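**Student:** Next up, structure.txt (compact mmCIF, C-alpha atoms).
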```
# COMPACT_ATOMS: atom_id res chain seq x y z
CA MET A 210 6.96 -65.28 -33.82
CA ALA A 211 5.73 -68.34 -31.90
CA LEU A 212 8.98 -70.14 -32.73
CA LEU A 213 10.97 -67.23 -31.30
CA ASN A 214 8.98 -67.31 -28.07
CA GLN A 215 9.59 -71.06 -27.72
CA LYS A 216 13.35 -70.53 -28.14
CA ASN A 217 13.33 -67.83 -25.48
CA LYS A 218 11.46 -70.07 -23.05
CA LEU A 219 13.89 -72.93 -23.70
CA LEU A 220 16.88 -70.65 -23.11
CA ALA A 221 15.37 -69.35 -19.87
CA THR A 222 14.75 -72.91 -18.69
CA LEU A 223 18.36 -73.93 -19.40
CA ILE A 224 19.69 -70.90 -17.49
CA THR A 225 17.45 -71.69 -14.52
CA ILE A 226 18.58 -75.34 -14.47
CA THR A 227 22.25 -74.25 -14.58
CA ILE A 228 21.81 -71.81 -11.68
CA ILE A 229 20.03 -74.45 -9.59
CA ALA A 230 22.83 -76.95 -10.28
CA VAL A 231 25.54 -74.47 -9.27
CA VAL A 232 23.73 -73.50 -6.08
CA ALA A 233 23.11 -77.13 -5.19
CA SER A 234 26.76 -77.97 -5.78
CA SER A 235 27.84 -75.06 -3.60
CA GLN A 236 25.46 -76.06 -0.84
CA ASP A 237 26.67 -79.67 -1.00
CA GLU A 238 30.24 -78.44 -0.67
CA LYS A 239 29.39 -76.22 2.28
CA SER A 240 27.28 -78.85 3.94
CA GLN A 241 30.07 -81.42 3.72
CA PRO A 242 29.42 -84.04 6.40
CA CYS A 243 31.61 -84.01 9.48
CA PRO A 244 34.37 -86.66 9.28
CA ASP A 245 34.05 -89.77 11.42
CA ALA A 246 35.72 -89.61 14.85
CA CYS A 247 35.57 -85.80 14.71
CA SER A 248 33.14 -83.15 15.81
CA CYS A 249 32.25 -80.02 13.90
CA PRO A 250 31.03 -77.41 16.34
CA ASN A 251 29.15 -74.58 14.73
CA ILE A 252 29.12 -71.58 17.02
CA PRO A 253 28.26 -68.68 14.71
CA PRO A 254 30.14 -67.10 13.17
CA ALA A 255 32.85 -69.73 13.79
CA LEU A 256 32.72 -73.16 12.23
CA GLY A 257 35.40 -75.67 13.12
CA LEU A 258 36.75 -79.20 13.10
CA VAL A 259 37.80 -80.96 16.33
CA CYS A 260 39.51 -84.36 16.15
CA ASN A 261 41.29 -84.69 19.50
CA GLY A 262 43.11 -87.92 20.36
CA GLN A 263 41.57 -90.15 17.70
CA ASN A 264 44.86 -91.78 16.63
CA LEU A 265 44.50 -90.33 13.13
CA THR A 266 47.60 -90.18 10.95
CA SER A 267 46.22 -87.62 8.49
CA ILE A 268 43.96 -84.61 8.63
CA PRO A 269 40.53 -85.19 7.03
CA ALA A 270 38.92 -82.77 4.58
CA VAL A 271 37.67 -79.61 6.20
CA ASN A 272 34.61 -77.53 5.42
CA ILE A 273 35.71 -74.52 3.38
CA SER A 274 33.97 -72.21 5.86
CA ALA A 275 35.90 -73.54 8.86
CA HIS A 276 37.53 -70.96 11.11
CA PHE A 277 39.46 -73.34 13.39
CA VAL A 278 40.93 -76.84 13.35
CA ASP A 279 41.98 -78.73 16.49
CA PHE A 280 43.85 -81.93 15.63
CA SER A 281 45.65 -82.39 18.95
CA GLY A 282 46.81 -85.79 20.13
CA ASN A 283 47.08 -87.48 16.73
CA PRO A 284 50.41 -88.92 15.45
CA LEU A 285 51.14 -86.84 12.37
CA GLY A 286 54.94 -87.22 12.42
CA GLU A 287 56.49 -84.97 9.77
CA LEU A 288 54.54 -81.84 8.88
CA THR A 289 54.72 -81.30 5.12
CA ASN A 290 52.87 -79.39 2.45
CA GLN A 291 50.91 -82.56 1.70
CA THR A 292 49.99 -83.09 5.37
CA LEU A 293 48.10 -79.79 5.50
CA ALA A 294 46.61 -80.06 1.98
CA PRO A 295 43.10 -81.03 3.27
CA ILE A 296 42.74 -77.69 5.10
CA ARG A 297 44.26 -75.48 2.41
CA ASN A 298 40.88 -74.66 0.83
CA ALA A 299 39.54 -73.29 4.12
CA HIS A 300 40.31 -69.66 3.30
CA ASN A 301 38.75 -68.42 6.55
CA LEU A 302 40.93 -70.66 8.72
CA GLU A 303 42.47 -68.59 11.53
CA ILE A 304 43.26 -71.10 14.31
CA LEU A 305 45.29 -74.29 13.87
CA VAL A 306 46.02 -76.49 16.90
CA LEU A 307 48.49 -79.35 16.39
CA LYS A 308 49.43 -79.96 20.00
CA ALA A 309 51.01 -83.32 20.98
CA CYS A 310 50.97 -84.67 17.43
CA ALA A 311 54.44 -86.27 17.59
CA ILE A 312 55.68 -83.75 15.03
CA TYR A 313 59.46 -83.92 14.74
CA SER A 314 60.03 -81.92 11.55
CA ILE A 315 58.31 -79.10 9.62
CA GLU A 316 59.04 -78.38 5.97
CA ASN A 317 59.50 -74.73 5.07
CA ASP A 318 56.50 -74.80 2.67
CA ALA A 319 54.14 -76.63 5.03
CA PHE A 320 52.05 -73.50 5.68
CA ASP A 321 51.77 -72.33 2.07
CA LYS A 322 48.37 -70.80 1.17
CA LEU A 323 47.37 -70.57 4.83
CA GLU A 324 48.16 -66.88 5.05
CA ASN A 325 45.05 -66.07 7.11
CA LEU A 326 46.22 -68.10 10.11
CA ARG A 327 46.43 -65.96 13.24
CA PHE A 328 47.14 -68.58 15.92
CA VAL A 329 49.25 -71.74 15.59
CA ASP A 330 49.80 -74.18 18.46
CA LEU A 331 52.68 -76.63 17.92
CA SER A 332 53.36 -77.30 21.59
CA SER A 333 54.26 -80.65 23.17
CA ASN A 334 55.81 -82.14 20.05
CA GLY A 335 59.35 -83.32 19.29
CA ILE A 336 60.43 -80.44 17.08
CA ALA A 337 64.21 -79.97 17.26
CA THR A 338 64.86 -77.60 14.37
CA LEU A 339 62.80 -75.32 12.17
CA ALA A 340 63.67 -74.60 8.56
CA PRO A 341 64.47 -70.99 7.61
CA GLY A 342 61.38 -69.21 6.37
CA VAL A 343 58.99 -71.75 7.86
CA PHE A 344 56.59 -69.03 9.07
CA THR A 345 57.30 -66.31 6.49
CA LYS A 346 54.11 -67.05 4.48
CA LEU A 347 51.89 -66.49 7.54
CA LEU A 348 51.49 -62.76 7.07
CA HIS A 349 48.72 -62.38 9.68
CA LEU A 350 50.17 -64.66 12.37
CA SER A 351 49.88 -62.95 15.75
CA GLU A 352 50.54 -65.79 18.21
CA ILE A 353 52.58 -68.98 18.04
CA ASN A 354 53.07 -71.61 20.73
CA LEU A 355 56.27 -73.68 20.42
CA SER A 356 56.52 -74.70 24.07
CA GLU A 357 57.62 -78.16 25.24
CA ASN A 358 59.64 -79.10 22.17
CA ASN A 359 63.33 -79.93 21.62
CA ILE A 360 64.36 -76.62 20.07
CA THR A 361 67.94 -75.72 21.00
CA ASN A 362 68.49 -72.55 18.94
CA VAL A 363 66.25 -69.63 18.09
CA SER A 364 66.68 -68.17 14.61
CA THR A 365 65.60 -64.79 13.31
CA HIS A 366 65.10 -66.40 9.88
CA TRP A 367 62.02 -68.35 10.98
CA PHE A 368 59.89 -65.26 10.54
CA ALA A 369 59.22 -62.67 7.87
CA GLU A 370 60.59 -59.14 8.11
CA SER A 371 58.44 -57.09 10.50
CA ALA A 372 56.26 -60.11 11.25
CA PRO A 373 53.06 -59.10 13.13
CA ILE A 374 53.62 -61.70 15.87
CA ARG A 375 52.57 -60.36 19.28
CA VAL A 376 53.04 -63.50 21.43
CA LEU A 377 55.86 -66.05 21.18
CA ASN A 378 55.90 -68.97 23.61
CA LEU A 379 59.16 -70.97 23.81
CA THR A 380 58.64 -72.37 27.30
CA ALA A 381 60.38 -75.66 28.19
CA ASN A 382 62.78 -75.91 25.26
CA PRO A 383 66.48 -76.76 25.84
CA ILE A 384 67.69 -73.34 24.70
CA LYS A 385 70.96 -72.65 26.52
CA HIS A 386 72.06 -69.45 24.79
CA LEU A 387 70.31 -66.45 23.21
CA GLU A 388 72.46 -64.80 20.56
CA ALA A 389 72.47 -61.12 19.60
CA ASN A 390 69.58 -59.75 17.51
CA VAL A 391 67.79 -63.09 17.52
CA PHE A 392 64.37 -61.41 17.69
CA ASP A 393 65.10 -58.36 15.55
CA ARG A 394 62.38 -59.20 12.99
CA LEU A 395 59.65 -59.32 15.63
CA ASN A 396 59.11 -55.58 16.00
CA SER A 397 55.48 -56.12 17.08
CA LEU A 398 56.26 -58.67 19.80
CA GLU A 399 54.54 -57.85 23.10
CA GLU A 400 54.95 -61.07 25.12
CA LEU A 401 57.92 -63.46 25.15
CA ARG A 402 58.02 -66.62 27.28
CA LEU A 403 61.43 -68.25 27.81
CA ASP A 404 60.84 -69.92 31.17
CA GLN A 405 62.12 -73.47 31.88
CA CYS A 406 64.53 -73.26 28.95
CA GLU A 407 67.86 -74.17 30.64
CA LEU A 408 69.17 -70.73 29.69
CA HIS A 409 72.74 -70.08 30.86
CA LEU A 410 73.66 -67.00 28.85
CA ILE A 411 71.80 -64.10 27.27
CA ASP A 412 73.71 -61.82 24.91
CA SER A 413 73.47 -58.17 25.88
CA HIS A 414 71.83 -57.45 22.50
CA ALA A 415 69.51 -60.48 22.40
CA PHE A 416 66.39 -58.37 22.87
CA ASP A 417 67.37 -55.50 20.57
CA GLY A 418 64.47 -54.29 18.46
CA LEU A 419 61.72 -55.42 20.84
CA PHE A 420 60.48 -51.89 21.51
CA LYS A 421 56.87 -53.03 22.13
CA LEU A 422 57.68 -55.91 24.49
CA HIS A 423 55.77 -55.53 27.76
CA THR A 424 56.02 -59.07 29.24
CA LEU A 425 59.20 -61.15 29.52
CA ASN A 426 59.43 -64.45 31.41
CA LEU A 427 62.96 -65.73 32.17
CA SER A 428 62.08 -67.73 35.27
CA HIS A 429 63.23 -71.29 36.08
CA ASN A 430 66.44 -71.19 34.07
CA GLN A 431 70.15 -71.42 34.89
CA LEU A 432 70.94 -67.72 34.60
CA THR A 433 73.63 -66.39 36.93
CA THR A 434 73.76 -62.83 35.61
CA ILE A 435 72.11 -60.47 33.19
CA THR A 436 73.52 -57.22 31.84
CA ALA A 437 71.80 -53.87 32.07
CA ASP A 438 72.25 -53.45 28.29
CA SER A 439 69.92 -56.38 27.66
CA ILE A 440 66.91 -54.57 29.15
CA THR A 441 67.82 -50.91 28.64
CA TRP A 442 65.94 -50.57 25.33
CA LEU A 443 62.83 -52.47 26.47
CA ARG A 444 61.00 -49.20 27.09
CA GLU A 445 57.51 -50.75 27.26
CA LEU A 446 58.48 -53.61 29.61
CA HIS A 447 56.34 -53.69 32.74
CA THR A 448 56.28 -57.40 33.68
CA LEU A 449 59.54 -59.28 34.19
CA GLU A 450 59.76 -62.72 35.80
CA LEU A 451 63.23 -63.70 37.01
CA ASN A 452 62.59 -66.10 39.88
CA ALA A 453 64.14 -69.57 40.24
CA ASN A 454 67.55 -68.72 38.77
CA PRO A 455 70.93 -69.12 40.55
CA TRP A 456 71.77 -65.40 40.41
CA GLN A 457 75.26 -64.22 41.31
CA CYS A 458 75.13 -60.92 43.20
CA ASP A 459 77.60 -58.99 41.07
CA CYS A 460 77.83 -55.51 39.59
CA ASN A 461 75.64 -56.45 36.63
CA LEU A 462 72.85 -57.42 38.99
CA GLN A 463 73.26 -54.16 40.88
CA ALA A 464 72.92 -52.07 37.72
CA VAL A 465 69.92 -54.11 36.54
CA THR A 466 68.17 -53.70 39.88
CA VAL A 467 68.73 -49.94 39.85
CA ILE A 468 67.22 -49.67 36.37
CA LEU A 469 64.23 -51.84 37.31
CA LEU A 470 63.53 -49.79 40.42
CA MET A 471 63.79 -46.53 38.51
CA ARG A 472 61.73 -47.80 35.56
CA GLY A 473 58.60 -48.29 37.67
CA PHE A 474 57.52 -51.91 37.16
CA GLN A 475 54.08 -53.31 37.81
CA THR A 476 55.53 -56.65 38.89
CA LEU A 477 58.97 -57.92 39.77
CA ALA A 478 58.60 -61.61 40.60
CA ALA A 479 58.75 -62.67 44.22
CA ASN A 480 61.31 -64.95 45.89
CA LEU A 481 64.29 -63.89 43.79
CA THR A 482 67.39 -65.42 45.29
CA CYS A 483 71.15 -65.10 44.91
CA SER A 484 73.57 -67.98 44.97
CA ILE A 485 76.23 -67.17 47.60
CA SER A 486 79.76 -68.62 47.56
CA ASN A 487 78.87 -71.38 50.00
CA ASN A 488 75.84 -72.33 47.86
CA GLU A 489 73.43 -70.81 50.33
CA LEU A 490 70.51 -68.88 48.91
CA SER A 491 69.64 -65.36 49.94
CA ASN A 492 67.08 -62.90 48.67
CA TRP A 493 68.68 -61.14 45.67
CA ILE A 494 67.26 -57.68 46.33
CA ASP A 495 68.22 -57.79 49.99
CA VAL A 496 71.82 -58.95 49.60
CA ASN A 497 74.76 -57.01 51.08
CA THR A 498 78.01 -58.02 49.44
CA THR A 499 81.16 -56.50 48.00
CA HIS A 500 82.37 -57.28 44.52
CA PRO A 501 85.95 -56.47 43.42
CA ASP A 502 84.67 -54.62 40.32
CA CYS A 503 82.15 -52.57 42.26
CA ASP A 504 83.06 -49.39 44.11
CA SER A 505 80.50 -49.86 46.86
CA GLN A 506 78.36 -52.46 48.52
CA ILE A 507 75.34 -53.82 46.71
CA LYS A 508 72.45 -52.83 48.89
CA MET A 509 69.20 -54.02 47.39
CA HIS A 510 65.78 -53.50 48.88
CA ALA A 511 62.44 -55.29 49.36
CA ARG A 512 62.08 -58.81 50.66
CA ARG A 513 60.27 -61.94 49.54
CA THR A 514 57.28 -60.20 48.03
CA SER A 515 56.41 -58.90 44.61
CA LEU A 516 57.87 -55.48 44.06
CA ILE A 517 55.34 -52.93 42.91
CA GLY A 518 57.88 -50.62 41.33
CA ASN A 519 55.61 -47.71 40.61
CA SER A 520 55.37 -46.78 44.30
CA GLU A 521 57.31 -43.71 45.43
CA LYS A 522 59.25 -45.52 48.15
CA HIS A 523 61.04 -47.74 45.64
CA ARG A 524 62.09 -44.75 43.60
CA ILE A 525 63.52 -43.21 46.79
CA LYS A 526 65.39 -46.44 47.53
CA ALA A 527 66.80 -46.45 44.02
CA ALA A 528 67.96 -42.87 44.43
CA LYS A 529 69.67 -43.72 47.74
CA LEU A 530 71.36 -46.71 46.16
CA LEU A 531 72.62 -44.59 43.29
CA SER A 532 73.85 -41.81 45.55
CA THR A 533 76.21 -44.18 47.41
CA ASN A 534 78.65 -44.06 44.53
CA ALA A 535 79.15 -41.40 41.89
CA SER A 536 80.58 -43.72 39.26
CA ARG A 537 77.71 -46.14 39.61
CA LEU A 538 75.34 -43.22 39.29
CA SER A 539 77.00 -42.17 36.04
CA ALA A 540 76.82 -45.69 34.65
CA ALA A 541 73.20 -46.24 35.62
CA SER A 542 72.18 -42.80 34.42
CA ALA A 543 73.92 -43.39 31.10
CA LEU A 544 72.09 -46.67 30.71
CA PHE A 545 68.73 -45.35 31.79
CA PHE A 546 68.60 -41.89 30.29
CA SER A 547 70.70 -42.28 27.13
CA GLN A 548 69.05 -42.22 23.73
CA LYS A 549 68.71 -45.14 21.34
CA PRO A 550 71.72 -45.94 19.14
CA ALA A 551 71.63 -44.27 15.74
CA ASP A 552 71.42 -47.60 13.90
CA THR A 553 68.06 -48.36 15.53
CA TYR A 554 66.43 -45.37 13.80
CA SER A 555 64.90 -45.41 10.34
CA PRO A 556 66.42 -43.13 7.68
CA ALA A 557 63.38 -40.84 7.84
CA VAL A 558 63.81 -40.40 11.59
CA ILE A 559 67.55 -39.73 11.21
CA ILE A 560 66.87 -37.08 8.53
CA SER A 561 64.22 -35.49 10.75
CA LEU A 562 66.64 -35.39 13.67
CA TRP A 563 69.36 -33.78 11.55
CA CYS A 564 66.87 -31.19 10.27
CA ALA A 565 65.85 -30.43 13.85
CA VAL A 566 69.51 -30.03 14.85
CA ILE A 567 70.16 -27.67 11.91
CA ILE A 568 67.08 -25.60 12.78
CA LEU A 569 68.15 -25.38 16.42
CA LEU A 570 71.67 -24.32 15.39
CA ALA A 571 70.20 -21.67 13.07
CA ILE A 572 67.97 -20.35 15.86
CA ALA A 573 70.93 -20.29 18.25
CA SER A 574 73.08 -18.44 15.71
CA TYR A 575 70.35 -15.89 15.01
CA THR A 576 69.83 -15.36 18.73
CA ALA A 577 73.57 -14.87 19.28
CA ILE A 578 73.78 -12.35 16.41
CA TYR A 579 70.70 -10.48 17.65
CA VAL A 580 72.00 -10.30 21.23
CA THR A 581 75.46 -9.22 20.03
CA SER A 582 74.01 -6.47 17.83
CA LYS A 583 71.85 -5.20 20.69
CA MET A 584 74.88 -5.14 22.98
CA CYS A 585 76.89 -3.24 20.36
CA VAL A 586 74.11 -0.67 19.91
CA TYR A 587 73.84 -0.26 23.66
CA ALA A 588 77.61 0.12 24.05
CA THR A 589 77.76 2.65 21.19
CA THR A 590 74.90 4.67 22.67
CA LYS A 591 76.54 4.70 26.08
CA ALA A 592 79.88 5.74 24.56
CA ALA A 593 78.25 8.57 22.57
CA SER A 594 76.38 9.75 25.64
CA ALA A 595 79.56 9.70 27.70
CA ALA A 596 81.46 11.60 25.00
CA LYS A 597 78.70 14.19 24.74
CA HIS A 598 78.64 14.64 28.50
CA ALA A 599 82.44 14.98 28.63
CA ALA A 600 82.37 17.60 25.86
CA HIS A 601 79.68 19.55 27.70
CA VAL A 602 81.67 19.49 30.94
CA ASN A 603 84.86 20.54 29.17
CA ARG A 604 83.04 23.41 27.43
CA LYS A 605 81.58 24.56 30.75
CA LYS A 606 84.96 24.42 32.45
CA SER A 607 86.51 26.42 29.61
CA ILE A 608 83.92 29.18 30.05
CA VAL A 609 84.51 29.21 33.80
CA ARG A 610 88.27 29.47 33.39
CA ARG A 611 87.91 32.33 30.90
CA GLY A 612 85.54 34.20 33.27
CA ASN A 613 87.91 33.80 36.20
CA ARG A 614 90.83 35.12 34.17
CA GLU A 615 88.85 38.18 33.15
CA CYS A 616 87.84 38.89 36.74
CA GLU A 617 91.39 38.52 37.99
CA GLN A 618 92.71 40.79 35.25
CA ALA A 619 90.13 43.45 36.09
CA LEU A 620 91.09 43.38 39.76
CA VAL A 621 94.77 43.65 38.99
CA ASN A 622 94.49 46.50 36.48
CA ASP A 623 92.04 48.80 38.07
CA THR A 624 89.49 47.91 40.61
CA SER A 625 87.62 51.11 39.93
CA HIS A 626 87.08 50.06 36.36
CA ALA A 627 85.83 46.63 37.33
CA ARG A 628 82.24 45.85 37.19
CA ASP A 629 80.10 46.54 40.16
CA ASN A 630 79.21 42.94 40.10
CA PHE A 631 81.03 40.03 38.56
CA TYR A 632 81.03 36.35 38.75
CA MET A 633 83.65 34.47 40.72
CA VAL A 634 83.42 30.86 39.78
CA ASP A 635 84.81 27.91 41.53
CA GLU A 636 86.47 26.09 38.69
CA ALA A 637 86.61 22.77 40.45
CA SER A 638 82.92 22.58 41.28
CA SER A 639 81.62 24.76 38.44
CA ASP A 640 79.55 26.71 41.03
CA VAL A 641 79.00 30.39 40.33
CA SER A 642 78.95 32.94 43.17
CA ILE A 643 78.05 36.61 42.82
CA ILE A 644 80.57 38.82 44.59
CA ALA A 645 79.65 42.40 45.22
CA ILE A 646 82.54 44.88 45.30
CA ASP A 647 82.06 48.29 46.74
CA GLY A 648 83.30 50.95 44.43
```
With the file now loaded, output its structure as structure tokens.
**Tutor:**
Amino acid sequence: MALLNQKNKLLATLITITIIAVVASSQDEKSQPCPDACSCPNIPPALGLVCNGQNLTSIPAVNISAHFVDFSGNPLGELTNQTLAPIRNAHNLEILVLKACAIYSIENDAFDKLENLRFVDLSSNGIATLAPGVFTKLLHLSEINLSENNITNVSTHWFAESAPIRVLNLTANPIKHLEANVFDRLNSLEELRLDQCELHLIDSHAFDGLFKLHTLNLSHNQLTTITADSITWLRELHTLELNANPWQCDCNLQAVTVILLMRGFQTLAANLTCSISNNELSNWIDVNTTHPDCDSQIKMHARRTSLIGNSEKHRIKAAKLLSTNASRLSAASALFFSQKPADTYSPAVIISLWCAVIILLAIASYTAIYVTSKMCVYATTKAASAAKHAAHVNRKKSIVRRGNRECEQALVNDTSHARDNFYMVDEASSDVSIIAIDG
């Protein structure tokens, strides 16, 4: 019995020593010292690593509890899977700042196992191209800053299908052309910055699919025109910056302005100017000019101030502008009030719409049948009533005619044998008069 108790005590001691060792190891890991030349701010509940401008060529090991890493101003060069290996064990990492790190290339698996990242800043680097699928593993990414790089083309294949990205910043990249459906995977995008991008041309379907976009910045580019189709489906758009572009005052600009005025914007950027034939600049919303493809003059309103489009006076101005030409009204109305194309709906929505149409047709058919039957019953009733009345009148006239003949016959044969009183009836009016005859 004593031997058994000693064994139990020994086993309990070994278990206790093991637990203490595991806890100590865990605490040592969590209390990993901050790397030299870096700071590790601990502002509960966030723990981070900040190594700004220390001329480091690699990222040091990061505490596994870190929520953010700021490694700006260090020459990393190529961003590979190995480059980010020291931070891969930080499962709570949500913010990664690699600004001005001389990054010129990013491998498509660089962000593997960093799926909890929500904000990535890659601005002010030398990135020219991005590999397809480079951000597809970042399933919780909501904001990415790619401004001030050398990106020339935007690709829809950078991101995962239905990526949750809400903010995309591409400011100051030499992007000259936006192709159709280039953002169609970013269904959650709310803010898109494309200012200072040397843009010359935007495809009319470049922004298709951005149904949640509320802020779009196209300022400080080389845009001369923009089609109404490119903004028609941006139903949530309320902030649009278009200043500092050499706009040509053509029919496209007229249609766009009409839609913007009717849409009710919170802000339409100030100092919008048109480039006139002699290279003079004039306020784009105040220009009066005639274009060979337009049926009437372009008469825009408001001067060099921000347009608060939700005021009633701008809606009135838009209505006046539209009323100057019926064809322009039809075009603008078609653009503004038309429904989304069928291919932008999901199959479930299309089925629901077809069901609704069938139900409406059934209701319309039932209503038509009901109304027709009621009309038939009414017509039949009226016809029967008319026939009954006609029969009654004919019967009455027949009696009157027979009475008149009898009276006439009695007078002709023998007045003395006639009745003292008889009825003389006016056949035409069916009135009966009593005529007394003296015997």
**Student:** Which residues come within 10 Å of A:Leu425, counting only C-alpha atoms, excluding same-chain residues fewer than 6 positions away, as a CSV table (one decimal) with C-alpha atoms, in the frame of the given file?
**Tutor:**
```
chain,number,residue,atom,x,y,z
A,399,GLU,CA,54.5,-57.8,23.1
A,400,GLU,CA,55.0,-61.1,25.1
A,401,LEU,CA,57.9,-63.5,25.2
A,402,ARG,CA,58.0,-66.6,27.3
A,403,LEU,CA,61.4,-68.2,27.8
A,404,ASP,CA,60.8,-69.9,31.2
A,443,LEU,CA,62.8,-52.5,26.5
A,446,LEU,CA,58.5,-53.6,29.6
A,447,HIS,CA,56.3,-53.7,32.7
A,448,THR,CA,56.3,-57.4,33.7
A,449,LEU,CA,59.5,-59.3,34.2
A,450,GLU,CA,59.8,-62.7,35.8
A,451,LEU,CA,63.2,-63.7,37.0
```
**Student:** Would you kindly return, as a list of chain:residue names, each protein, DNA or RNA residue with an atom no farther than 8 Å from any atom of A:Arg394, considering all atoms listed in the file and excluding same-chain residues fewer than 3 positions away?
**Tutor:**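 Neighbouring residues, sequence-local ones excluded: A:Thr365, A:Phe368, A:Ala369, A:Glu370, A:Ser371, A:Ala372, A:Gly418.
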**Student:** Kindly give the distance, in Å, that separates atom CA of A:Ser351 and atom CA of A:Ser332, rounded to a single decimal.
**Tutor:**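 Distance reported for this atom pair: 15.9 Å.
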**Student:** Find the residues around A:Val271 up to 10 Å (all atoms listed in the file counted), leave out those fewer than 2 positions away in its own chain, and share them as a PDB file with C-alpha atoms, in the coordinates of the input.
**Tutor:**
```pdb
ATOM      1  CA  LYS A 239      29.390 -76.220   2.280  1.00  0.00           C
ATOM      2  CA  GLN A 241      30.070 -81.420   3.720  1.00  0.00           C
ATOM      3  CA  PRO A 242      29.420 -84.040   6.400  1.00  0.00           C
ATOM      4  CA  CYS A 243      31.610 -84.010   9.480  1.00  0.00           C
ATOM      5  CA  PRO A 244      34.370 -86.660   9.280  1.00  0.00           C
ATOM      6  CA  CYS A 249      32.250 -80.020  13.900  1.00  0.00           C
ATOM      7  CA  GLY A 257      35.400 -75.670  13.120  1.00  0.00           C
ATOM      8  CA  LEU A 258      36.750 -79.200  13.100  1.00  0.00           C
ATOM      9  CA  ILE A 268      43.960 -84.610   8.630  1.00  0.00           C
ATOM     10  CA  PRO A 269      40.530 -85.190   7.030  1.00  0.00           C
ATOM     11  CA  ILE A 273      35.710 -74.520   3.380  1.00  0.00           C
ATOM     12  CA  SER A 274      33.970 -72.210   5.860  1.00  0.00           C
ATOM     13  CA  ALA A 275      35.900 -73.540   8.860  1.00  0.00           C
ATOM     14  CA  HIS A 276      37.530 -70.960  11.110  1.00  0.00           C
ATOM     15  CA  PHE A 277      39.460 -73.340  13.390  1.00  0.00           C
ATOM     16  CA  VAL A 278      40.930 -76.840  13.350  1.00  0.00           C
ATOM     17  CA  ALA A 294      46.610 -80.060   1.980  1.00  0.00           C
ATOM     18  CA  PRO A 295      43.100 -81.030   3.270  1.00  0.00           C
ATOM     19  CA  ILE A 296      42.740 -77.690   5.100  1.00  0.00           C
ATOM     20  CA  ARG A 297      44.260 -75.480   2.410  1.00  0.00           C
ATOM     21  CA  ASN A 298      40.880 -74.660   0.830  1.00  0.00           C
ATOM     22  CA  ALA A 299      39.540 -73.290   4.120  1.00  0.00           C
ATOM     23  CA  LEU A 302      40.930 -70.660   8.720  1.00  0.00           C
TER      24      LEU A 302
END
```
**Student:** Using only C-alpha atoms, which residues sit within 6 Å of stretch 357-362 of chain A once same-chain residues fewer than 2 positions away are excluded, as a PyMOL selection string?
**Tutor:** chain A and resi 332-338+381-384
**Student:** Rounded to one decimal in Å, what is the spacing between atom CA of A:Gln263 and atom CA of A:Ala340?
**Tutor:**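 Atom CA of A:Ala340 lies 28.5 Å from atom CA of A:Gln263.
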**Student:** So that I can see what lies close to A:Ser281, please list as a PDB file with C-alpha atoms, in the coordinates of the input the residues with an atom at most 9 Å from it, counting only C-alpha atoms and leaving out residues fewer than 4 positions away in the same chain.
**Tutor:**
```pdb
ATOM      1  CA  VAL A 259      37.800 -80.960  16.330  1.00  0.00           C
ATOM      2  CA  CYS A 260      39.510 -84.360  16.150  1.00  0.00           C
ATOM      3  CA  ASN A 261      41.290 -84.690  19.500  1.00  0.00           C
ATOM      4  CA  GLY A 262      43.110 -87.920  20.360  1.00  0.00           C
ATOM      5  CA  GLN A 263      41.570 -90.150  17.700  1.00  0.00           C
ATOM      6  CA  VAL A 306      46.020 -76.490  16.900  1.00  0.00           C
ATOM      7  CA  LEU A 307      48.490 -79.350  16.390  1.00  0.00           C
ATOM      8  CA  LYS A 308      49.430 -79.960  20.000  1.00  0.00           C
ATOM      9  CA  ALA A 309      51.010 -83.320  20.980  1.00  0.00           C
ATOM     10  CA  CYS A 310      50.970 -84.670  17.430  1.00  0.00           C
TER      11      CYS A 310
END
```
**Student:** In Å, how far is it from atom CA of A:Thr380 to atom CA of A:Leu331?
**Tutor:**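 Taking atom CA of A:Thr380 as the start and atom CA of A:Leu331 as the end point, the length is 11.9 Å.
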